[in-house]
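Visitor: Provided herewith is a single structure, encoded as structure tokens, for subsequent inquiry.
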Amino acid sequence: MKNNLLIIGKKSFIGKNLYNYSRKKRPTYIKSFKQFLKINQTKLSRFNTIINCASNEDYINKKYNIKNDFDLKIAKKIKNLKIIYIFLSSRKVYKNGTNLNEKSTIRLKSNYSKNKFITEKKLQKILNNKLLILRVSNVIGIRNKNSRRLHKTFIDYYFKNIKKGMIFKFNREYKDFLGIDQLTRVLDKVVENKLSGKYNVSLGKKVYLREIINWLNYSNLSKYRYIKLKKSLSNESFTLSNKKLLKDINFKIIKKDLETECKKISKIFFKKKKWKKLL
């Protein structure tokens, strides 16, 4: 039986990239959240896997409210069906630190991380072993003009500052990044292997912020000035352990691929001057 995949989130950055990659390998469909709600149980039963990439601003920015939880509504609708549900959680549920694994200390500092963790618990009660929780690290990639930006990421801040002719100067600060091409390949392998449980999705290596800025700035010929940070971000540095995931999907993620993707972004934005239209 073919592993039919339904992606929810037609305007989602991750959703659109996954759809474009996955449809070459298996029957793949993408719907908006509103379209999903109209699908009857008979049609839903034809899918083996569903992944939700849609969300809303209130879920991200405000305290948990059940009416803002798209994933919970989806889980309730499919609870009696034999479908693996993939929930995209966040690395922000963990405390900061290095080599954080799936059993590392939970420390919820923002409404976003609190809401994600609350949803994790609610979905586990409803779906049990039909649930796959992926705690995803920072994602780097090219968003087209129509992509929704419910919250700003590192690359959004980078281009916002470069548009003003500024680059922040970092020293030993690092984070764990993952290119969108790398993420889509991982998600494809996850679907292929029909995983369930809880996994970190990350590069699994330190990426110093000065490194990634140099990669993103690779094709920038414009003048800019370095701005020193008023406060070090070293206490916010982190890496996630991805050993459990890579073992179970028999896959490798390398830092060089992230560098290549960042330089590709740089070439597109600076040589084609798309960055001037950003933000």
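Residues are referred to by chain and number: the chain letter is A, B, ... according to the order shown in the structure tokens, the number counts from 1 in that chain, and ligands are numbered separately from 1 in the order shown.
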Would you mind listing, for every residue of stretch 1-69 of chain A within 9 Å of stretch 193-217 of chain A, the two atoms forming the shortest contact and the distance between them in Å to one decimal, using only C-alpha atoms, sorted by chain and ascending residue number, as JSON lines?
Guide:
```
{"residue": "A:Asn3", "atom": "CA", "partner": "A:Lys194", "partner_atom": "CA", "distance": 8.7}
{"residue": "A:Asn48", "atom": "CA", "partner": "A:Lys194", "partner_atom": "CA", "distance": 8.8}
{"residue": "A:Thr49", "atom": "CA", "partner": "A:Lys194", "partner_atom": "CA", "distance": 8.0}
```
Visitor: Sorted by chain and rising residue number, list the residues of stretch 35-111 of chain A at most 12 Å from stretch 153-174 of chain A (counting only C-alpha atoms), each with its closest atom pair and distance in Å to one decimal, as CSV.
Guide:
```
residue,atom,partner,partner_atom,distance
A:Asn96,CA,A:Tyr174,CA,11.0
A:Gly97,CA,A:Tyr174,CA,10.5
A:Thr98,CA,A:Tyr174,CA,10.0
```
Visitor: Restricting the output to N, CA and C atoms, write the selected residues as a PDB file, in the first residue's frame.
Guide:
```pdb
ATOM      1  N   ASN A  96      18.474  25.811  27.546  1.00  0.00           N
ATOM      2  CA  ASN A  96      19.634  25.962  26.679  1.00  0.00           C
ATOM      3  C   ASN A  96      20.757  25.056  27.176  1.00  0.00           C
ATOM      4  N   GLY A  97      21.606  24.634  26.246  1.00  0.00           N
ATOM      5  CA  GLY A  97      22.705  23.750  26.583  1.00  0.00           C
ATOM      6  C   GLY A  97      23.193  23.022  25.349  1.00  0.00           C
ATOM      7  N   THR A  98      24.134  22.132  25.501  1.00  0.00           N
ATOM      8  CA  THR A  98      24.688  21.400  24.364  1.00  0.00           C
ATOM      9  C   THR A  98      24.259  19.941  24.382  1.00  0.00           C
TER      10      THR A  98
END
```
Visitor: Between A:Asn68, A:Ser89, A:Thr239, A:Ser45, which residue has the minimum interatomic distance to A:Val136, considering only C-alpha atoms?
Guide: A:Ser89
Visitor: So that I can check the secondary structure, give me every residue of stretch 33-265 of chain A assigned strand (DSSP E) by backbone DSSP, as a PDB file with N, CA and C atoms, in the first residue's frame.
Guide:
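Heads up, here's the output in selection_18.pdb:
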```pdb
ATOM      1  N   THR A  49      -0.413   9.055   6.489  1.00  0.00           N
ATOM      2  CA  THR A  49       0.307  10.018   7.323  1.00  0.00           C
ATOM      3  C   THR A  49      -0.250  11.417   7.087  1.00  0.00           C
ATOM      4  N   ILE A  50      -0.381  12.173   8.175  1.00  0.00           N
ATOM      5  CA  ILE A  50      -0.771  13.576   8.091  1.00  0.00           C
ATOM      6  C   ILE A  50       0.236  14.396   8.881  1.00  0.00           C
ATOM      7  N   ILE A  51       0.676  15.492   8.299  1.00  0.00           N
ATOM      8  CA  ILE A  51       1.569  16.425   8.998  1.00  0.00           C
ATOM      9  C   ILE A  51       0.970  17.814   8.933  1.00  0.00           C
ATOM     10  N   ASN A  52       0.913  18.474  10.060  1.00  0.00           N
ATOM     11  CA  ASN A  52       0.370  19.823  10.094  1.00  0.00           C
ATOM     12  C   ASN A  52       1.490  20.851  10.144  1.00  0.00           C
ATOM     13  N   ILE A  84      -0.802   7.931  11.028  1.00  0.00           N
ATOM     14  CA  ILE A  84       0.274   8.488  11.840  1.00  0.00           C
ATOM     15  C   ILE A  84       0.220  10.010  11.699  1.00  0.00           C
ATOM     16  N   TYR A  85       0.163  10.681  12.836  1.00  0.00           N
ATOM     17  CA  TYR A  85       0.099  12.144  12.825  1.00  0.00           C
ATOM     18  C   TYR A  85       1.442  12.719  13.243  1.00  0.00           C
ATOM     19  N   ILE A  86       1.991  13.598  12.417  1.00  0.00           N
ATOM     20  CA  ILE A  86       3.281  14.230  12.704  1.00  0.00           C
ATOM     21  C   ILE A  86       3.042  15.628  13.252  1.00  0.00           C
ATOM     22  N   PHE A  87       3.473  15.847  14.484  1.00  0.00           N
ATOM     23  CA  PHE A  87       3.337  17.148  15.131  1.00  0.00           C
ATOM     24  C   PHE A  87       4.687  17.841  15.145  1.00  0.00           C
ATOM     25  N   LEU A  88       4.753  19.029  14.545  1.00  0.00           N
ATOM     26  CA  LEU A  88       5.983  19.806  14.534  1.00  0.00           C
ATOM     27  C   LEU A  88       6.049  20.651  15.799  1.00  0.00           C
ATOM     28  N   SER A  89       6.798  20.154  16.770  1.00  0.00           N
ATOM     29  CA  SER A  89       7.024  20.884  18.006  1.00  0.00           C
ATOM     30  C   SER A  89       8.270  21.754  17.840  1.00  0.00           C
ATOM     31  N   SER A  90       8.853  22.192  18.946  1.00  0.00           N
ATOM     32  CA  SER A  90       9.959  23.147  18.873  1.00  0.00           C
ATOM     33  C   SER A  90      11.086  22.773  19.822  1.00  0.00           C
ATOM     34  N   GLY A  97      21.606  24.634  26.246  1.00  0.00           N
ATOM     35  CA  GLY A  97      22.705  23.750  26.583  1.00  0.00           C
ATOM     36  C   GLY A  97      23.193  23.022  25.349  1.00  0.00           C
ATOM     37  N   THR A  98      24.134  22.132  25.501  1.00  0.00           N
ATOM     38  CA  THR A  98      24.688  21.400  24.364  1.00  0.00           C
ATOM     39  C   THR A  98      24.259  19.941  24.382  1.00  0.00           C
ATOM     40  N   ASN A  99      24.113  19.395  23.186  1.00  0.00           N
ATOM     41  CA  ASN A  99      23.805  17.980  23.015  1.00  0.00           C
ATOM     42  C   ASN A  99      22.545  17.557  23.776  1.00  0.00           C
ATOM     43  N   LEU A 100      21.509  18.383  23.688  1.00  0.00           N
ATOM     44  CA  LEU A 100      20.252  18.098  24.378  1.00  0.00           C
ATOM     45  C   LEU A 100      19.527  16.951  23.695  1.00  0.00           C
ATOM     46  N   LEU A 131       1.248   8.807  17.088  1.00  0.00           N
ATOM     47  CA  LEU A 131       1.755  10.181  17.109  1.00  0.00           C
ATOM     48  C   LEU A 131       3.274  10.218  16.973  1.00  0.00           C
ATOM     49  N   LEU A 132       3.742  11.119  16.125  1.00  0.00           N
ATOM     50  CA  LEU A 132       5.180  11.399  16.006  1.00  0.00           C
ATOM     51  C   LEU A 132       5.401  12.865  16.351  1.00  0.00           C
ATOM     52  N   ILE A 133       6.160  13.107  17.418  1.00  0.00           N
ATOM     53  CA  ILE A 133       6.500  14.468  17.840  1.00  0.00           C
ATOM     54  C   ILE A 133       7.910  14.775  17.372  1.00  0.00           C
ATOM     55  N   LEU A 134       8.055  15.825  16.581  1.00  0.00           N
ATOM     56  CA  LEU A 134       9.367  16.257  16.102  1.00  0.00           C
ATOM     57  C   LEU A 134       9.692  17.625  16.693  1.00  0.00           C
ATOM     58  N   ARG A 135      10.725  17.664  17.526  1.00  0.00           N
ATOM     59  CA  ARG A 135      11.167  18.934  18.106  1.00  0.00           C
ATOM     60  C   ARG A 135      12.226  19.522  17.180  1.00  0.00           C
ATOM     61  N   VAL A 136      11.804  20.513  16.416  1.00  0.00           N
ATOM     62  CA  VAL A 136      12.600  21.019  15.291  1.00  0.00           C
ATOM     63  C   VAL A 136      13.437  22.214  15.710  1.00  0.00           C
ATOM     64  N   ASN A 138      16.195  25.526  14.587  1.00  0.00           N
ATOM     65  CA  ASN A 138      16.055  26.694  13.707  1.00  0.00           C
ATOM     66  C   ASN A 138      16.173  26.286  12.247  1.00  0.00           C
ATOM     67  N   VAL A 139      15.240  26.727  11.423  1.00  0.00           N
ATOM     68  CA  VAL A 139      15.237  26.371  10.000  1.00  0.00           C
ATOM     69  C   VAL A 139      15.637  27.573   9.157  1.00  0.00           C
ATOM     70  N   ILE A 140      16.582  27.336   8.245  1.00  0.00           N
ATOM     71  CA  ILE A 140      17.066  28.377   7.338  1.00  0.00           C
ATOM     72  C   ILE A 140      16.609  28.045   5.928  1.00  0.00           C
ATOM     73  N   MET A 166      23.571  47.025   8.212  1.00  0.00           N
ATOM     74  CA  MET A 166      24.169  46.616   9.486  1.00  0.00           C
ATOM     75  C   MET A 166      24.303  45.097   9.576  1.00  0.00           C
ATOM     76  N   ILE A 167      25.372  44.656  10.219  1.00  0.00           N
ATOM     77  CA  ILE A 167      25.536  43.253  10.577  1.00  0.00           C
ATOM     78  C   ILE A 167      25.991  43.202  12.033  1.00  0.00           C
ATOM     79  N   PHE A 168      25.294  42.424  12.842  1.00  0.00           N
ATOM     80  CA  PHE A 168      25.705  42.311  14.234  1.00  0.00           C
ATOM     81  C   PHE A 168      26.945  41.419  14.337  1.00  0.00           C
ATOM     82  N   LYS A 169      27.839  41.815  15.190  1.00  0.00           N
ATOM     83  CA  LYS A 169      29.092  41.099  15.372  1.00  0.00           C
ATOM     84  C   LYS A 169      28.962  40.112  16.528  1.00  0.00           C
ATOM     85  N   TYR A 174      26.545  30.434  19.534  1.00  0.00           N
ATOM     86  CA  TYR A 174      26.222  29.417  18.532  1.00  0.00           C
ATOM     87  C   TYR A 174      24.800  28.903  18.736  1.00  0.00           C
ATOM     88  N   LYS A 175      24.250  28.332  17.685  1.00  0.00           N
ATOM     89  CA  LYS A 175      22.943  27.698  17.741  1.00  0.00           C
ATOM     90  C   LYS A 175      22.975  26.479  16.823  1.00  0.00           C
ATOM     91  N   PHE A 177      21.277  24.993  13.615  1.00  0.00           N
ATOM     92  CA  PHE A 177      20.452  25.337  12.458  1.00  0.00           C
ATOM     93  C   PHE A 177      20.265  24.118  11.553  1.00  0.00           C
ATOM     94  N   LEU A 178      19.254  24.217  10.700  1.00  0.00           N
ATOM     95  CA  LEU A 178      18.989  23.177   9.715  1.00  0.00           C
ATOM     96  C   LEU A 178      18.434  23.846   8.467  1.00  0.00           C
ATOM     97  N   GLY A 179      19.018  23.553   7.313  1.00  0.00           N
ATOM     98  CA  GLY A 179      18.518  24.114   6.068  1.00  0.00           C
ATOM     99  C   GLY A 179      17.183  23.499   5.687  1.00  0.00           C
ATOM    100  N   GLY A 197       6.584   8.311  18.062  1.00  0.00           N
ATOM    101  CA  GLY A 197       7.407   8.588  19.241  1.00  0.00           C
ATOM    102  C   GLY A 197       7.819  10.042  19.279  1.00  0.00           C
ATOM    103  N   LYS A 198       9.016  10.286  19.807  1.00  0.00           N
ATOM    104  CA  LYS A 198       9.489  11.652  20.009  1.00  0.00           C
ATOM    105  C   LYS A 198      10.945  11.756  19.555  1.00  0.00           C
ATOM    106  N   TYR A 199      11.233  12.728  18.697  1.00  0.00           N
ATOM    107  CA  TYR A 199      12.581  12.879  18.141  1.00  0.00           C
ATOM    108  C   TYR A 199      12.979  14.345  18.021  1.00  0.00           C
ATOM    109  N   ASN A 200      14.275  14.601  18.185  1.00  0.00           N
ATOM    110  CA  ASN A 200      14.848  15.901  17.839  1.00  0.00           C
ATOM    111  C   ASN A 200      15.195  15.914  16.357  1.00  0.00           C
ATOM    112  N   VAL A 201      14.937  17.046  15.704  1.00  0.00           N
ATOM    113  CA  VAL A 201      15.307  17.223  14.306  1.00  0.00           C
ATOM    114  C   VAL A 201      16.250  18.416  14.241  1.00  0.00           C
ATOM    115  N   VAL A 207      26.754  25.660  15.286  1.00  0.00           N
ATOM    116  CA  VAL A 207      26.925  26.582  14.169  1.00  0.00           C
ATOM    117  C   VAL A 207      27.086  27.966  14.785  1.00  0.00           C
ATOM    118  N   TYR A 208      28.319  28.479  14.750  1.00  0.00           N
ATOM    119  CA  TYR A 208      28.567  29.792  15.329  1.00  0.00           C
ATOM    120  C   TYR A 208      27.861  30.850  14.487  1.00  0.00           C
ATOM    121  N   ARG A 225      28.166  47.897   7.916  1.00  0.00           N
ATOM    122  CA  ARG A 225      29.016  48.111   9.097  1.00  0.00           C
ATOM    123  C   ARG A 225      28.651  47.087  10.166  1.00  0.00           C
ATOM    124  N   TYR A 226      29.657  46.689  10.925  1.00  0.00           N
ATOM    125  CA  TYR A 226      29.435  45.734  12.009  1.00  0.00           C
ATOM    126  C   TYR A 226      29.000  46.474  13.268  1.00  0.00           C
ATOM    127  N   ILE A 227      27.979  45.957  13.911  1.00  0.00           N
ATOM    128  CA  ILE A 227      27.458  46.531  15.144  1.00  0.00           C
ATOM    129  C   ILE A 227      27.707  45.551  16.284  1.00  0.00           C
ATOM    130  N   LYS A 228      28.330  46.030  17.343  1.00  0.00           N
ATOM    131  CA  LYS A 228      28.622  45.174  18.480  1.00  0.00           C
ATOM    132  C   LYS A 228      27.360  44.986  19.322  1.00  0.00           C
ATOM    133  N   PHE A 238      22.849  26.732  22.095  1.00  0.00           N
ATOM    134  CA  PHE A 238      22.349  25.376  22.306  1.00  0.00           C
ATOM    135  C   PHE A 238      22.655  24.503  21.093  1.00  0.00           C
ATOM    136  N   THR A 239      22.682  23.195  21.307  1.00  0.00           N
ATOM    137  CA  THR A 239      22.654  22.202  20.225  1.00  0.00           C
ATOM    138  C   THR A 239      21.754  21.053  20.671  1.00  0.00           C
ATOM    139  N   LEU A 240      21.120  20.419  19.710  1.00  0.00           N
ATOM    140  CA  LEU A 240      20.281  19.251  19.987  1.00  0.00           C
ATOM    141  C   LEU A 240      20.988  17.992  19.508  1.00  0.00           C
TER     142      LEU A 240
END
```
Visitor: Which residues are close to A:Ile142, i.e. within 10 Å by only C-alpha atoms, leaving aside same-chain residues fewer than 6 positions away? Reply as a list in words.
Guide: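 Close residues of A:Ile142: Phe13, Asn17, Ile155, Gly179, Ile180, Glu261, Cys262, Lys264, Ile265, Ser266, Ile268 and Phe269 of chain A.
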Visitor: Can you tell me which residues surround A:Lys2 at a distance of at most 12 Å, considering only C-alpha atoms, apart from same-chain residues fewer than 4 positions away, and format the answer as a PyMOL selection string?
Guide: chain A and resi 25-28+46-49+191-192+194
Visitor: Got a sec: who's within 9 Å of A:Ala75, counting only C-alpha atoms, leaving out chain neighbours fewer than 6 positions off, as a list in words?
Guide: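 With the cut-off at 9 Å, the set is Tyr85, Leu123, Ile126 and Leu127 of chain A.
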Visitor: Those same residues - all heavy atoms - I'd like them written as a PDB file, in the first residue's frame.
Guide:
```
ATOM      1  N   TYR A  85       0.163  10.681  12.836  1.00  0.00           N
ATOM      2  CA  TYR A  85       0.099  12.144  12.825  1.00  0.00           C
ATOM      3  C   TYR A  85       1.442  12.719  13.243  1.00  0.00           C
ATOM      4  O   TYR A  85       1.981  12.372  14.300  1.00  0.00           O
ATOM      5  CB  TYR A  85      -0.994  12.642  13.770  1.00  0.00           C
ATOM      6  CG  TYR A  85      -1.165  14.138  13.701  1.00  0.00           C
ATOM      7  CD1 TYR A  85      -1.562  14.751  12.524  1.00  0.00           C
ATOM      8  CD2 TYR A  85      -0.911  14.940  14.806  1.00  0.00           C
ATOM      9  CE1 TYR A  85      -1.706  16.127  12.445  1.00  0.00           C
ATOM     10  CE2 TYR A  85      -1.060  16.311  14.750  1.00  0.00           C
ATOM     11  CZ  TYR A  85      -1.460  16.900  13.560  1.00  0.00           C
ATOM     12  OH  TYR A  85      -1.602  18.258  13.475  1.00  0.00           O
ATOM     13  N   LEU A 123      -1.983  15.673  22.637  1.00  0.00           N
ATOM     14  CA  LEU A 123      -1.970  14.759  21.495  1.00  0.00           C
ATOM     15  C   LEU A 123      -1.593  13.345  21.918  1.00  0.00           C
ATOM     16  O   LEU A 123      -2.120  12.364  21.387  1.00  0.00           O
ATOM     17  CB  LEU A 123      -0.995  15.254  20.424  1.00  0.00           C
ATOM     18  CG  LEU A 123      -1.299  16.599  19.760  1.00  0.00           C
ATOM     19  CD1 LEU A 123      -0.317  16.860  18.617  1.00  0.00           C
ATOM     20  CD2 LEU A 123      -2.724  16.669  19.237  1.00  0.00           C
ATOM     21  N   ILE A 126      -4.565  11.465  23.128  1.00  0.00           N
ATOM     22  CA  ILE A 126      -5.565  11.142  22.103  1.00  0.00           C
ATOM     23  C   ILE A 126      -5.059  10.093  21.113  1.00  0.00           C
ATOM     24  O   ILE A 126      -5.777   9.157  20.759  1.00  0.00           O
ATOM     25  CB  ILE A 126      -5.970  12.422  21.329  1.00  0.00           C
ATOM     26  CG1 ILE A 126      -6.658  13.407  22.270  1.00  0.00           C
ATOM     27  CG2 ILE A 126      -6.888  12.089  20.148  1.00  0.00           C
ATOM     28  CD1 ILE A 126      -6.878  14.777  21.667  1.00  0.00           C
ATOM     29  N   LEU A 127      -3.798  10.225  20.681  1.00  0.00           N
ATOM     30  CA  LEU A 127      -3.287   9.413  19.567  1.00  0.00           C
ATOM     31  C   LEU A 127      -2.357   8.283  19.991  1.00  0.00           C
ATOM     32  O   LEU A 127      -2.110   7.354  19.210  1.00  0.00           O
ATOM     33  CB  LEU A 127      -2.569  10.317  18.554  1.00  0.00           C
ATOM     34  CG  LEU A 127      -3.441  11.396  17.905  1.00  0.00           C
ATOM     35  CD1 LEU A 127      -2.587  12.320  17.049  1.00  0.00           C
ATOM     36  CD2 LEU A 127      -4.540  10.779  17.050  1.00  0.00           C
TER      37      LEU A 127
END
```
Visitor: Tell me, in Å to one decimal, how far atom CA of A:Asn40 is from atom CA of A:Gly15.
Guide: 21.7 Å
Visitor: Which is closer to A:Lys82 than all the others in A:Lys34, A:Lys230, A:Lys109, A:Lys130, using only C-alpha atoms?
Guide: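 Going through A:Lys34, A:Lys230, A:Lys109, A:Lys130 one by one, the smallest distance to A:Lys82 is for A:Lys130.
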Visitor: From the options A:Ile74, A:Ile30, A:Leu187, A:Ile66, which residue's atoms come nearest to A:Ile118, counting only C-alpha atoms?
Guide: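 Closest candidate: A:Ile66.
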Visitor: Mind pulling up the distance from atom CA of A:Lys271 to atom CA of A:Ser12?
Guide: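 According to the coordinates, atom CA of A:Ser12 and atom CA of A:Lys271 are separated by 25.7 Å.
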Visitor: Any idea what the distance is between atom CA of A:Lys95 and atom CA of A:Lys252?
Guide: 25.5 Å
